[in-house]
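Comments concern the structure below.
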Amino acid sequence: MSLSEKDKAAVKALWSKIGKSSDAIGNDALSRMIVVYPQTKTYFSHWPEVTPGSPHIKAHGKKVMGGIALAVTKIDDLKTGLSELSEQHAYKLRVDPANFKTLNHCILVVISTMFPKEFTPEAHVSLDKFLSGVALALADRYR
Amino acid sequence: MPENSVSADLQTESDKMVEWTDFERNTIQDIFSRIEYDVVGPAALARCLVVYPWTQRYFGGFGNLYNAAAIKGNPMVSKHGTTILNGLERAVKNMDDITNTYAELSVLHSEKLHVDPDNFKLLADCLTIVVAAQLGNEFTGEVQAAFQKFLAVVVSALGRQYR
């Protein structure tokens, strides 16, 4: 399910409206993920606490959304653009790729709560395709 | 068909009851008392048909589903969206016996409508997103967890009678 020009335009248009809130989106999405999908906490056992809104979660949310922001700039070739991040996730972090979908869903829910008017079905389908493409690119180097 | 949905998978055995905390019960009752079925239902179904266009295969008799605007304005989509929410209300009123409450509906979706049960999860995700938009920051992580658990039980019950 590849990104059409219309999808890319929709993603960039949505990002231009929500990008400045990316720190808040990242924090909410990650905070939500560890509550709704508690099994995801297993990846953060090295933190002193894994609780919504904690400093670690905030910082990590910011990092994750930085990756999404990068992906928006590399939207024409996600595989190449995210290859370093893919290597990091494959060899160092070893996050099961199923979790990318989980976090993507949480990101969509957060955007829906924060930007209900902008997050139309048309914006939703393009963003969902984009985030799926990001997940695929991130998993590219896994095996 | 690609696995798109992340609604929590819940296997309910016939001899295992789903246990609900007070928070979960109250949350589900509260959400359904606040949402307008004829707004949320149509919005969720329309969103599903737009975001996961292969789901349109089940609505061949609904007329124009050619683009997002047509889907949103389609009166049959709206009517069916409301029907779905009214159907969900039966689960809300029978939270301790959703599997049996939905036995007939499960047979209907399997034997008459021939709906691939994976589609239920797609609609559930769209419903989550629409309710999230309605409730804004009241749709906390805890509320989302309760809502998704409820929908997972519904989805499981609807898929139960397939064979």
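Identifiers in this document derive from the order of the structure tokens: chains are assigned A, B, ..., residues are numbered from 1 separately in each chain, and ligands are numbered from 1 in order of occurrence.
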Excluding B:Pro42 and residues on its chain fewer than 3 positions from it, collect all residues at most 8 Å away from it, counting only C-alpha atoms, and give them as a PyMOL selection string. chain B and resi 38-39+45-46+72+77-82
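Near chain A, within 6 Å and using only C-alpha atoms, the residues of chain B are B:Val6, B:Arg47, B:Val51, B:Ile129, B:Ala132, B:Ala133, B:Gly136, B:Gly141, B:Ala145.
Comparing the minimum interatomic distances between A:Leu78 and each of A:Phe100, A:Phe130, A:Trp47, A:Trp15, counting only C-alpha atoms, we find that A:Phe130 sits nearest.
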Assign secondary structure with DSSP using the backbone only, and return the residues of stretch 43-134 of chain B in helix (DSSP H, G or I) as a ChimeraX atom specification. /B:43-51,53-62,68-73,75-93,95-101,103-112,118-134
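Computed from the coordinates, the atom CA of A:Ser21 to atom CA of A:Val134 distance equals 19.6 Å.
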Taking only C-alpha atoms into account, name the residue in A:Leu14, A:Val95, A:Ile57, A:Leu138 that is nearest to A:Leu82. A:Leu138
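With only C-alpha atoms as the basis for measurement, B:Asn74 is the residue among B:Val131, B:Asp22, B:Asn74, B:Val92 that approaches B:Gly61 most closely.
In this model, the gap between atom CA of A:Gln39 and atom CA of B:Phe150 comes to 18.5 Å.
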Can you tell me, as a ChimeraX atom specification, what residues are no more than 9 Å from B:Trp20 when counting only C-alpha atoms, ignoring any on the same chain fewer than 5 positions away? /B:25,95-96,146
Next, the residues of the selection above should be written as a PDB file, in the first residue's frame with C-alpha atoms.
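The result, stored in again-v4.pdb:
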```
ATOM      1  CA  ARG B  25     -18.008  -0.712  33.940  1.00  0.00           C
ATOM      2  CA  MET B  95     -21.614  -6.627  29.909  1.00  0.00           C
ATOM      3  CA  ASP B  96     -21.507  -9.838  31.884  1.00  0.00           C
ATOM      4  CA  ALA B 146     -11.385   0.163  29.167  1.00  0.00           C
TER       5      ALA B 146
END
```
Could you check the closest approach to B:Met17 for each of B:Thr140, B:Gln134, B:Asn100, B:Ser106 and tell me which residue wins, using only C-alpha atoms? B:Asn100
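Pairwise distance (atom CA of B:Ile28, atom CA of B:His109) equals 24.0 Å.
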Write out as an mmCIF file with N, CA, C and O atoms, in the first residue's frame each polymer residue whose atoms come within 8 Å of B:Leu85, counting only C-alpha atoms; drop sequence neighbours fewer than 6 positions from it.
```
data_model
loop_
_atom_site.group_PDB
_atom_site.id
_atom_site.type_symbol
_atom_site.label_atom_id
_atom_site.label_comp_id
_atom_site.auth_asym_id
_atom_site.auth_seq_id
_atom_site.Cartn_x
_atom_site.Cartn_y
_atom_site.Cartn_z
ATOM 1 N N TYR B 37 -25.508 8.359 19.282
ATOM 2 C CA TYR B 37 -25.358 7.193 18.419
ATOM 3 C C TYR B 37 -25.447 7.576 16.942
ATOM 4 O O TYR B 37 -24.735 7.011 16.115
ATOM 5 N N ASP B 38 -26.317 8.553 16.636
ATOM 6 C CA ASP B 38 -26.479 8.884 15.220
ATOM 7 C C ASP B 38 -25.445 9.885 14.722
ATOM 8 O O ASP B 38 -25.518 10.348 13.589
ATOM 9 N N VAL B 40 -21.880 9.404 16.182
ATOM 10 C CA VAL B 40 -20.681 8.574 16.315
ATOM 11 C C VAL B 40 -20.735 7.356 15.403
ATOM 12 O O VAL B 40 -19.730 6.996 14.772
ATOM 13 N N GLY B 41 -21.901 6.726 15.311
ATOM 14 C CA GLY B 41 -22.044 5.536 14.472
ATOM 15 C C GLY B 41 -21.721 5.827 13.018
ATOM 16 O O GLY B 41 -20.837 5.190 12.421
#
```
Spatial neighbours of B:Glu104, max dist 12 Å, only C-alpha atoms, sep filter under 6 positions, as a list in words: Gly87, Ile98, Ser110, Glu111, Lys112, Ala157, Leu158, Gly159, Arg160, Gln161 and Tyr162 of chain B
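The neighbours of A:Arg94 here are the residues that come within 10 Å of it, using only C-alpha atoms and leaving out any residue fewer than 6 positions away in the same chain; they are Tyr43, Ser86, Glu87, Gln88, Ala139 and Tyr142 of chain A.
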